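Have a look at entry.json below; it lists JSON, C-alpha atoms.
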```
[["chain", "number", "residue", "atom", "x", "y", "z"],
["J", 245, "MET", "CA", 262.85, 149.74, 201.19],
["J", 246, "GLN", "CA", 260.93, 151.56, 203.91],
["J", 247, "ALA", "CA", 264.24, 152.51, 205.56],
["J", 248, "THR", "CA", 265.34, 154.44, 202.46],
["J", 249, "ARG", "CA", 262.00, 156.03, 201.59],
["J", 250, "LYS", "CA", 263.22, 159.55, 202.44],
["J", 251, "THR", "CA", 265.92, 159.46, 199.78],
["J", 252, "HIS", "CA", 264.25, 156.94, 197.44],
["J", 253, "PRO", "CA", 260.48, 157.37, 197.89],
["J", 254, "PHE", "CA", 259.48, 155.38, 194.79],
["J", 255, "LEU", "CA", 259.62, 151.72, 193.78],
["J", 256, "ARG", "CA", 259.87, 150.37, 190.23],
["J", 257, "TYR", "CA", 258.62, 146.92, 189.22],
["J", 258, "ILE", "CA", 260.99, 145.09, 186.86],
["J", 259, "THR", "CA", 260.53, 141.89, 184.89],
["J", 260, "LYS", "CA", 263.11, 139.93, 182.90],
["J", 261, "ASP", "CA", 261.40, 141.33, 179.80],
["J", 262, "ASP", "CA", 261.62, 138.07, 177.84],
["J", 263, "ASP", "CA", 259.15, 135.59, 176.38],
["J", 264, "ARG", "CA", 258.86, 133.70, 179.67],
["J", 265, "VAL", "CA", 257.34, 136.62, 181.58],
["J", 266, "ARG", "CA", 253.71, 136.17, 182.52],
["J", 267, "PRO", "CA", 251.42, 138.59, 180.62],
["J", 268, "ALA", "CA", 250.08, 140.10, 183.85],
["J", 269, "HIS", "CA", 253.61, 140.71, 185.15],
["J", 270, "ARG", "CA", 254.68, 142.14, 181.79],
["J", 271, "ALA", "CA", 251.96, 144.77, 182.20],
["J", 272, "TRP", "CA", 253.63, 145.84, 185.47],
["J", 273, "HIS", "CA", 257.09, 146.27, 183.94],
["J", 274, "ASN", "CA", 258.40, 149.75, 184.83],
["J", 275, "LEU", "CA", 255.37, 150.43, 187.02],
["J", 276, "THR", "CA", 256.69, 153.09, 189.40],
["J", 277, "LEU", "CA", 254.70, 154.05, 192.48],
["J", 278, "PRO", "CA", 255.34, 155.56, 195.93],
["J", 279, "VAL", "CA", 256.83, 153.21, 198.49],
["J", 280, "ASP", "CA", 253.66, 153.30, 200.58],
["J", 281, "ASP", "CA", 251.25, 152.73, 197.69],
["J", 282, "ALA", "CA", 248.79, 149.94, 198.49],
["J", 283, "PHE", "CA", 249.82, 148.13, 195.29],
["J", 284, "TRP", "CA", 253.00, 146.87, 196.96],
["J", 285, "LEU", "CA", 251.07, 145.25, 199.82],
["J", 286, "MET", "CA", 249.80, 142.49, 197.53],
["J", 287, "HIS", "CA", 252.07, 142.59, 194.48],
["J", 288, "TRP", "CA", 255.57, 142.31, 195.92],
["J", 289, "PRO", "CA", 257.59, 139.84, 193.82],
["J", 290, "PRO", "CA", 257.88, 136.98, 193.51],
["J", 291, "ASN", "CA", 254.21, 136.90, 192.54],
["J", 292, "GLY", "CA", 254.06, 133.22, 191.66],
["J", 293, "TRP", "CA", 256.09, 130.06, 191.29],
["J", 294, "ARG", "CA", 259.33, 130.74, 189.38],
["J", 295, "CYS", "CA", 258.49, 134.42, 189.09],
["J", 296, "ARG", "CA", 261.72, 136.31, 188.34],
["J", 297, "CYS", "CA", 260.39, 139.83, 188.83],
["J", 298, "ARG", "CA", 261.95, 142.24, 191.29],
["J", 299, "VAL", "CA", 261.55, 145.74, 192.69],
["J", 300, "VAL", "CA", 264.14, 148.53, 192.83],
["J", 301, "SER", "CA", 263.97, 151.89, 194.57],
["J", 302, "MET", "CA", 264.10, 155.25, 192.79],
["J", 303, "ASN", "CA", 264.89, 158.76, 193.98],
["J", 304, "ARG", "CA", 262.87, 161.85, 193.10],
["J", 305, "ARG", "CA", 265.24, 162.94, 190.34],
["J", 306, "GLU", "CA", 265.01, 159.57, 188.59],
["J", 307, "TYR", "CA", 261.24, 159.58, 188.95],
["J", 308, "ALA", "CA", 260.95, 163.13, 187.57],
["J", 309, "ALA", "CA", 262.99, 162.09, 184.52],
["J", 310, "GLY", "CA", 260.15, 159.72, 183.64],
["J", 311, "ARG", "CA", 262.41, 157.00, 182.25],
["J", 312, "ALA", "CA", 264.18, 153.88, 183.44],
["J", 313, "PRO", "CA", 267.99, 153.62, 183.14],
["J", 314, "ASP", "CA", 267.57, 151.85, 179.78],
["J", 315, "GLY", "CA", 265.52, 154.77, 178.46],
["J", 316, "SER", "CA", 262.15, 153.03, 178.53],
["J", 317, "PRO", "CA", 259.26, 155.14, 179.88],
["J", 318, "LEU", "CA", 257.96, 154.73, 183.41],
["J", 319, "ASN", "CA", 254.35, 153.85, 184.11],
["J", 320, "THR", "CA", 253.26, 155.93, 187.10],
["J", 321, "THR", "CA", 249.57, 155.00, 187.16],
["J", 322, "ALA", "CA", 248.50, 152.30, 189.59],
["J", 323, "PRO", "CA", 246.52, 149.57, 187.84],
["J", 324, "PRO", "CA", 242.92, 148.83, 188.84],
["J", 325, "PHE", "CA", 242.62, 146.47, 191.78],
["J", 326, "GLU", "CA", 241.10, 143.23, 190.51],
["J", 327, "THR", "CA", 240.74, 139.87, 192.20],
["J", 328, "ILE", "CA", 240.30, 136.34, 190.88],
["J", 329, "ALA", "CA", 238.57, 133.50, 192.69],
["J", 330, "HIS", "CA", 240.65, 130.35, 193.22],
["J", 331, "ILE", "CA", 239.11, 127.05, 194.30],
["J", 332, "ASN", "CA", 241.13, 124.68, 196.46],
["J", 333, "ARG", "CA", 240.48, 121.32, 194.79],
["J", 334, "ARG", "CA", 241.18, 119.46, 198.00],
["J", 335, "THR", "CA", 239.02, 121.47, 200.41],
["J", 336, "GLY", "CA", 236.67, 123.29, 198.05],
["J", 337, "GLU", "CA", 237.56, 126.58, 199.74],
["J", 338, "ILE", "CA", 237.26, 129.68, 197.55],
["J", 339, "THR", "CA", 239.83, 132.42, 198.05],
["J", 340, "GLN", "CA", 240.31, 135.76, 196.32],
["J", 341, "THR", "CA", 243.79, 136.81, 195.17],
["J", 342, "PRO", "CA", 244.92, 139.84, 193.18],
["J", 343, "ALA", "CA", 244.84, 139.29, 189.42],
["J", 344, "GLY", "CA", 248.28, 138.17, 188.24],
["J", 345, "VAL", "CA", 249.35, 136.86, 191.65],
["J", 346, "ASP", "CA", 249.36, 133.15, 192.42],
["J", 347, "PRO", "CA", 247.50, 131.99, 195.57],
["J", 348, "GLY", "CA", 249.79, 132.35, 198.57],
["J", 349, "PHE", "CA", 251.96, 135.04, 196.97],
["J", 350, "GLY", "CA", 249.99, 138.12, 198.04],
["J", 351, "TYR", "CA", 253.01, 139.46, 199.94],
["J", 352, "ASN", "CA", 256.80, 139.15, 199.73],
["J", 353, "ALA", "CA", 257.09, 135.38, 199.49],
["J", 354, "GLY", "CA", 260.77, 135.46, 198.53],
["J", 355, "ILE", "CA", 262.22, 136.40, 201.90],
["J", 356, "ALA", "CA", 261.66, 133.97, 204.74],
["J", 357, "ARG", "CA", 261.77, 136.61, 207.44],
["J", 358, "GLN", "CA", 259.19, 138.74, 205.70],
["J", 359, "GLN", "CA", 257.07, 135.64, 205.17],
["J", 360, "ALA", "CA", 257.12, 134.96, 208.88],
["J", 361, "LEU", "CA", 256.32, 138.57, 209.75],
["J", 362, "ALA", "CA", 253.50, 138.63, 207.21],
["J", 363, "ALA", "CA", 252.08, 135.41, 208.63],
["J", 364, "VAL", "CA", 252.20, 136.81, 212.16],
["J", 365, "GLU", "CA", 250.62, 140.06, 211.03],
["J", 366, "GLN", "CA", 247.84, 138.27, 209.17],
["J", 367, "ALA", "CA", 247.18, 136.08, 212.19],
["J", 368, "LYS", "CA", 246.91, 139.17, 214.39],
["J", 369, "LEU", "CA", 244.59, 140.90, 211.93],
["J", 370, "LYS", "CA", 242.44, 137.79, 211.66],
["J", 371, "ALA", "CA", 242.25, 137.52, 215.44],
["J", 372, "ALA", "CA", 241.44, 141.23, 215.72],
["J", 373, "ALA", "CA", 238.67, 140.87, 213.16],
["J", 374, "ALA", "CA", 237.22, 137.88, 215.00],
["J", 375, "ASN", "CA", 237.45, 139.65, 218.37],
["J", 376, "LEU", "CA", 235.81, 142.79, 217.03],
["J", 377, "ALA", "CA", 233.03, 140.83, 215.40],
["J", 378, "ALA", "CA", 232.38, 138.93, 218.62],
["J", 379, "ALA", "CA", 232.44, 142.11, 220.71],
["J", 380, "ALA", "CA", 230.11, 143.90, 218.32],
["J", 381, "LEU", "CA", 227.63, 141.04, 218.33],
["J", 382, "LYS", "CA", 227.83, 140.79, 222.12],
["J", 383, "GLU", "CA", 226.93, 144.48, 222.34],
["J", 384, "GLY", "CA", 223.88, 143.78, 220.22],
["J", 385, "LEU", "CA", 225.18, 145.39, 217.04],
["J", 386, "GLN", "CA", 222.31, 145.85, 214.64],
["J", 387, "PRO", "CA", 222.25, 146.79, 210.96],
["J", 388, "PRO", "CA", 222.54, 150.55, 210.45],
["J", 389, "GLN", "CA", 219.58, 152.69, 211.45],
["J", 390, "VAL", "CA", 218.63, 156.00, 209.87],
["J", 391, "ALA", "CA", 220.80, 158.82, 211.19],
["J", 392, "ARG", "CA", 221.65, 162.26, 209.90],
["J", 393, "GLU", "CA", 224.81, 164.32, 209.92],
["J", 394, "LYS", "CA", 225.07, 166.84, 212.72],
["J", 395, "PRO", "CA", 224.79, 170.44, 211.51],
["J", 396, "ASP", "CA", 227.60, 173.01, 211.46],
["J", 397, "GLN", "CA", 230.37, 170.62, 210.44],
["J", 398, "PRO", "CA", 233.09, 171.60, 207.95],
["J", 399, "THR", "CA", 232.35, 170.88, 204.30],
["J", 400, "TRP", "CA", 234.41, 170.82, 201.15],
["J", 401, "LYS", "CA", 233.21, 174.35, 200.44],
["J", 402, "THR", "CA", 234.11, 175.80, 203.84],
["J", 403, "LEU", "CA", 237.52, 174.13, 203.54],
["J", 404, "GLU", "CA", 237.86, 175.64, 200.04],
["J", 405, "LEU", "CA", 238.53, 172.29, 198.39],
["J", 406, "PRO", "CA", 238.10, 171.76, 194.66],
["J", 407, "ASP", "CA", 234.89, 170.38, 193.22],
["J", 408, "LEU", "CA", 235.28, 166.64, 192.60],
["J", 409, "ARG", "CA", 234.16, 167.21, 189.03],
["J", 410, "GLU", "CA", 237.35, 169.21, 188.45],
["J", 411, "LEU", "CA", 239.64, 166.36, 189.54],
["J", 412, "GLN", "CA", 241.17, 163.69, 187.33],
["J", 413, "PRO", "CA", 240.73, 160.15, 188.71],
["J", 414, "ARG", "CA", 243.92, 158.11, 188.82],
["J", 415, "MET", "CA", 242.42, 154.61, 188.85],
["J", 416, "GLN", "CA", 240.55, 152.90, 186.05],
["J", 417, "ALA", "CA", 237.16, 151.64, 187.16],
["J", 418, "PRO", "CA", 236.76, 147.86, 187.47],
["J", 419, "GLU", "CA", 234.01, 146.27, 185.43],
["J", 420, "LEU", "CA", 230.63, 146.11, 187.10],
["J", 421, "LEU", "CA", 229.63, 142.64, 188.27],
["J", 422, "ALA", "CA", 226.36, 141.04, 187.27],
["J", 423, "ARG", "CA", 223.20, 141.93, 189.14],
["J", 424, "ALA", "CA", 222.29, 139.16, 191.58],
["J", 425, "GLU", "CA", 218.90, 137.49, 191.35],
["J", 426, "SER", "CA", 218.24, 137.62, 195.11],
["J", 427, "ILE", "CA", 219.55, 139.15, 198.33],
["J", 428, "ASP", "CA", 221.15, 135.85, 199.32],
["J", 429, "GLU", "CA", 222.96, 135.67, 195.99],
["J", 430, "ALA", "CA", 224.03, 139.31, 196.36],
["J", 431, "VAL", "CA", 225.46, 138.63, 199.82],
["J", 432, "SER", "CA", 227.33, 135.60, 198.49],
["J", 433, "GLN", "CA", 228.73, 137.73, 195.68],
["J", 434, "LEU", "CA", 229.97, 140.32, 198.18],
["J", 435, "ARG", "CA", 231.50, 137.62, 200.39],
["J", 436, "ALA", "CA", 233.41, 136.06, 197.50],
["J", 437, "THR", "CA", 234.67, 139.34, 196.06],
["J", 438, "LEU", "CA", 235.64, 140.92, 199.39],
["J", 439, "GLY", "CA", 237.04, 137.73, 200.90],
["J", 440, "VAL", "CA", 234.71, 137.71, 203.91],
["J", 441, "PRO", "CA", 234.22, 134.23, 205.44],
["J", 442, "VAL", "CA", 230.68, 133.07, 206.13],
["J", 443, "GLY", "CA", 229.64, 134.11, 209.63],
["J", 444, "ALA", "CA", 232.99, 135.78, 210.29],
["J", 445, "ALA", "CA", 234.98, 138.88, 209.34],
["J", 446, "ARG", "CA", 238.18, 140.06, 207.68],
["J", 447, "SER", "CA", 240.44, 143.07, 208.14],
["J", 448, "VAL", "CA", 241.58, 145.58, 205.52],
["J", 449, "ARG", "CA", 244.45, 148.00, 206.04],
["J", 450, "THR", "CA", 243.61, 151.59, 205.08],
["J", 451, "PRO", "CA", 245.38, 154.96, 205.39],
["J", 452, "ALA", "CA", 243.24, 155.62, 208.48],
["J", 453, "GLY", "CA", 243.89, 152.27, 210.16],
["J", 454, "ASP", "CA", 242.48, 148.76, 209.94],
["J", 455, "VAL", "CA", 238.83, 148.35, 208.97],
["J", 456, "ILE", "CA", 236.72, 145.25, 209.55],
["J", 457, "LEU", "CA", 234.35, 143.79, 206.96],
["J", 458, "MET", "CA", 231.71, 141.78, 208.85],
["J", 459, "ASP", "CA", 229.55, 139.12, 207.26],
["J", 460, "GLU", "CA", 226.70, 140.16, 209.58],
["J", 461, "LEU", "CA", 226.45, 143.57, 207.88],
["J", 462, "LEU", "CA", 226.72, 142.59, 204.21],
["J", 463, "ARG", "CA", 222.99, 141.98, 203.87],
["J", 464, "HIS", "CA", 222.27, 145.61, 204.76],
["J", 465, "VAL", "CA", 224.54, 146.79, 201.95],
["J", 466, "VAL", "CA", 222.53, 144.98, 199.27],
["J", 467, "GLU", "CA", 219.01, 144.94, 200.69],
["J", 468, "LYS", "CA", 217.88, 147.84, 198.47],
["J", 469, "ARG", "CA", 217.56, 145.75, 195.34],
["J", 470, "LEU", "CA", 216.90, 148.72, 193.06],
["J", 471, "ASP", "CA", 220.51, 149.84, 193.66],
["J", 472, "ALA", "CA", 222.02, 146.34, 193.25],
["J", 473, "ARG", "CA", 225.17, 147.49, 195.03],
["J", 474, "GLU", "CA", 226.74, 144.06, 194.77],
["J", 475, "ARG", "CA", 227.65, 145.12, 191.22],
["J", 476, "TYR", "CA", 230.21, 147.50, 192.77],
["J", 477, "ALA", "CA", 231.92, 144.87, 194.93],
["J", 478, "ASP", "CA", 235.22, 145.22, 193.03],
["J", 479, "PHE", "CA", 235.23, 148.96, 193.83],
["J", 480, "VAL", "CA", 235.20, 148.48, 197.61],
["J", 481, "LEU", "CA", 238.74, 147.32, 198.43],
["J", 482, "PRO", "CA", 240.43, 149.95, 196.21],
["J", 483, "THR", "CA", 238.27, 152.61, 197.88],
["J", 484, "LEU", "CA", 239.34, 151.46, 201.33],
["J", 485, "MET", "CA", 243.00, 150.89, 200.49],
["J", 486, "ARG", "CA", 243.57, 153.83, 198.11],
["J", 487, "PRO", "CA", 240.94, 156.47, 198.90],
["J", 488, "ASP", "CA", 241.13, 159.96, 197.49],
["J", 489, "GLU", "CA", 239.65, 161.41, 200.67],
["J", 490, "ILE", "CA", 238.56, 160.25, 204.12],
["J", 491, "TRP", "CA", 236.10, 162.37, 206.10],
["J", 492, "ARG", "CA", 235.19, 161.85, 209.77],
["J", 493, "THR", "CA", 231.53, 162.77, 210.14],
["J", 494, "ALA", "CA", 229.46, 163.16, 213.32],
["J", 495, "TYR", "CA", 225.85, 161.90, 213.30],
["J", 496, "ASP", "CA", 222.84, 162.86, 215.40],
["J", 497, "ASP", "CA", 222.69, 159.39, 216.97],
["J", 498, "GLY", "CA", 226.02, 160.05, 218.70],
["J", 499, "THR", "CA", 228.11, 157.96, 216.31],
["J", 500, "LEU", "CA", 231.17, 158.89, 214.30],
["J", 501, "ARG", "CA", 231.62, 157.49, 210.81],
["J", 502, "LYS", "CA", 234.44, 157.73, 208.35],
["J", 503, "ARG", "CA", 233.59, 158.36, 204.71],
["J", 504, "TYR", "CA", 236.06, 156.87, 202.24],
["J", 505, "ILE", "CA", 235.70, 158.49, 198.82],
["J", 506, "LYS", "CA", 237.27, 157.16, 195.63],
["J", 507, "LEU", "CA", 237.01, 158.53, 192.09],
["J", 508, "PHE", "CA", 237.28, 156.15, 189.14],
["J", 509, "LYS", "CA", 238.05, 156.69, 185.48],
["J", 510, "GLY", "CA", 235.42, 155.56, 183.02],
["J", 511, "ALA", "CA", 232.66, 155.00, 185.58],
["J", 512, "LYS", "CA", 229.27, 156.68, 185.76],
["J", 513, "TYR", "CA", 229.41, 156.52, 189.54],
["J", 514, "ASP", "CA", 232.12, 156.95, 192.13],
["J", 515, "ILE", "CA", 232.11, 155.09, 195.43],
["J", 516, "LEU", "CA", 231.78, 156.07, 199.07],
["J", 517, "VAL", "CA", 232.34, 153.47, 201.78],
["J", 518, "ILE", "CA", 230.94, 154.40, 205.19],
["J", 519, "VAL", "CA", 232.88, 153.04, 208.16],
["J", 520, "ARG", "CA", 231.49, 153.29, 211.68],
["J", 521, "GLU", "CA", 233.82, 153.84, 214.62],
["J", 522, "LEU", "CA", 233.25, 151.38, 217.46],
["J", 523, "PRO", "CA", 235.10, 151.06, 220.79],
["J", 524, "ASN", "CA", 237.05, 148.05, 219.51],
["J", 525, "GLY", "CA", 237.73, 149.28, 215.98],
["J", 526, "ASP", "CA", 236.20, 150.44, 212.70],
["J", 527, "VAL", "CA", 233.54, 148.46, 210.83],
["J", 528, "VAL", "CA", 232.34, 148.87, 207.24],
["J", 529, "TRP", "CA", 228.78, 150.14, 207.58],
["J", 530, "ASN", "CA", 227.54, 150.80, 204.06],
["J", 531, "ILE", "CA", 228.50, 151.34, 200.42],
["J", 532, "ILE", "CA", 227.09, 154.17, 198.33],
["J", 533, "ASN", "CA", 227.49, 154.89, 194.63],
["J", 534, "ARG", "CA", 226.99, 158.49, 193.49],
["J", 535, "GLU", "CA", 227.53, 160.67, 190.47],
["J", 536, "ARG", "CA", 230.53, 162.90, 191.04],
["J", 537, "GLY", "CA", 228.58, 166.12, 191.46],
["J", 538, "LYS", "CA", 226.31, 164.57, 194.08],
["J", 539, "MET", "CA", 229.30, 163.04, 195.86],
["J", 540, "ASN", "CA", 230.36, 166.57, 196.78],
["J", 541, "ALA", "CA", 227.39, 166.80, 199.14],
["J", 542, "LEU", "CA", 228.80, 163.89, 201.16],
["J", 543, "ARG", "CA", 232.11, 165.64, 201.88],
["J", 544, "ILE", "CA", 231.15, 166.70, 205.40],
["J", 545, "GLY", "CA", 233.09, 166.62, 208.69],
["J", 546, "ASP", "CA", 236.80, 166.60, 209.41],
["J", 547, "LEU", "CA", 239.00, 165.79, 206.42],
["J", 548, "ILE", "CA", 241.46, 163.32, 207.97],
["J", 549, "TYR", "CA", 243.13, 162.04, 204.80],
["J", 550, "GLN", "CA", 243.69, 163.35, 201.30],
["J", 551, "ALA", "CA", 245.68, 161.52, 198.63],
["J", 552, "GLU", "CA", 248.64, 163.44, 197.28]]
```

Written as structure tokens, that's how I'd like the structure from this file.
Amino acid sequence: MQATRKTHPFLRYITKDDDRVRPAHRAWHNLTLPVDDAFWLMHWPPNGWRCRCRVVSMNRREYAAGRAPDGSPLNTTAPPFETIAHINRRTGEITQTPAGVDPGFGYNAGIARQQALAAVEQAKLKAAAANLAAAALKEGLQPPQVAREKPDQPTWKTLELPDLRELQPRMQAPELLARAESIDEAVSQLRATLGVPVGAARSVRTPAGDVILMDELLRHVVEKRLDARERYADFVLPTLMRPDEIWRTAYDDGTLRKRYIKLFKGAKYDILVIVRELPNGDVVWNIINRERGKMNALRIGDLIYQAE
């Protein structure tokens, strides 16, 4: 599919459209998104045992027509990214998989070669995450300290970008999670939702490269209990994987941090994920929820990515 993206830059999800189709998969029927949309990274059929769904490519003319060959309308809005916890009855291990996708089917499980490549890639990402975590800890990485943006950096106003309040979000907001009773419970909630192993790390692919989520830094995210940021855990991965903007901001402590901004439909707050650049890679540093007007003030630095 990637080889034909110039002539057919869109993919359409197709089910058998009968009474045997899973409800979650039925909701994806005729879902049509760009080839490089993050949705396809974890929802490539088959998405479960005996799943009969498939994906076909579409050219720009077909996409512009807004209808499938049978005349049914296309759905061009990516669904909200939701995960479900699965417990391995044998080991007790808890894993997070996308809603509607069986455990172990979070990539193209139907083609052996792609399975092998995906396994190799995941192994490399896991090793990279572990190596980065070890290197960061060896360097004495500490939870974030107070730092301020350097002055005289570009802003959304100097770049003549639209006010965020004028934009229409494309993704429905996930439901807020329950407020945790303690910091330890909040950290556990973040771990489970984000898929971060205890005492370890995981990698997430973003438009600006791979980002590491480290268990060591999750406590800092939720330590301000008035904010209860663990409630926004389901907002984090969509913000990293499908951001609306990414800004590279310089701070007065000599660090560079990327600001991933995502707007959500139906939410009081939008989300900003701060990612710090380290010699061995990028690490999630903090999560901030802001009203849309106030989020404008955080659009500072070099704009390195903007969703089309």

- For the atom pair atom CA of Thr493 of chain J and atom CA of Ala452 of chain J, what is the interatomic distance in Å to one decimal place?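 Separating atom CA of Thr493 of chain J from atom CA of Ala452 of chain J is a distance of 13.8 Å.
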
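Distances to Leu421 of chain J were evaluated for J:Pro451, J:Tyr476, J:Arg392, J:Leu438 using all atoms listed in the file, and the minimum falls at J:Tyr476.
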
With 3 Å of padding per side, what axis-aligned box (centre and edge lengths, Å, one decimal) covers all the listed atoms of segment 255-264 of chain J? Give it as AutoDock Vina command-line options.
```
--center_x 260.9 --center_y 142.7 --center_z 185.1 --size_x 10.5 --size_y 24.0 --size_z 23.4
```

Counting only C-alpha atoms, which residues in segment 283-342 of chain J sit no more than 10 Å from segment 394-414 of chain J? For each one, give the nearest pair of atoms and the distance in Å, sorted by chain then residue number, as CSV.
```
residue,atom,partner,partner_atom,distance
J:Thr320,CA,J:Arg414,CA,9.7
J:Thr321,CA,J:Arg414,CA,6.7
J:Ala322,CA,J:Arg414,CA,7.4
J:Pro323,CA,J:Arg414,CA,9.0
J:Pro324,CA,J:Arg414,CA,9.3
```

- Task: Skip Asp281 of chain J itself and residues of its chain fewer than 3 positions away, then list as a ChimeraX atom specification all residues within 9 Å of it, counting all atoms listed in the file.
- Result: /J:277-278,284-285,322,485-486

- Task: Name the closest residue to Leu542 of chain J among the candidates J:His287, J:Met458, J:Glu393, J:Leu481; distances are taken between atoms, counting all atoms listed in the file.
- Result: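 Going through J:His287, J:Met458, J:Glu393, J:Leu481 one by one, the smallest distance to Leu542 of chain J is for J:Glu393.
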
- Query: Skipping near chain neighbours, those fewer than 4 positions away, what residues fall within 10 Å of Arg435 of chain J using all atoms listed in the file, listed as a ChimeraX atom specification?
  - Reply: /J:340,429-431,439-442,445,457-459,462,474,477

- Query: What lies within 12 Å of Trp272 of chain J using only C-alpha atoms, ignoring chain neighbours under 5 positions off, as a VMD selection string?
  - Reply: chain J and resid 255 to 261 265 to 267 277 283 to 284 287 to 289 291 297 to 299 318 to 324 343 to 345

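The interatomic distance for the pair atom CA of Val465 of chain J and atom CA of Asp478 of chain J works out to 14.0 Å.
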
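What separates atom CA of Pro482 of chain J from atom CA of Asn533 of chain J is a distance of 13.9 Å.
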
- Selected residue of minimal separation from Ala391 of chain J among J:Lys538, J:Arg473, J:Arg501, J:Arg492, counting only C-alpha atoms: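 Smallest separation from Ala391 of chain J among the options: J:Arg501.
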
- Query: Which one is closest to Ile427 of chain J: J:Leu470, J:Val448, J:Val279, J:Met286? Count only C-alpha atoms.
  - Reply: J:Leu470

- Item | Among the residues J:Ile548, J:Arg536, J:Ala541, J:Asn274, the one that comes closest to Pro317 of chain J [using all atoms listed in the file] |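 Ranked by minimum distance to Pro317 of chain J, first place goes to J:Asn274.
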
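Using all atoms listed in the file for every distance, the candidate list J:Val455, J:Leu484, J:Val519, J:Met539 yields J:Val519 as the residue closest to Thr499 of chain J.
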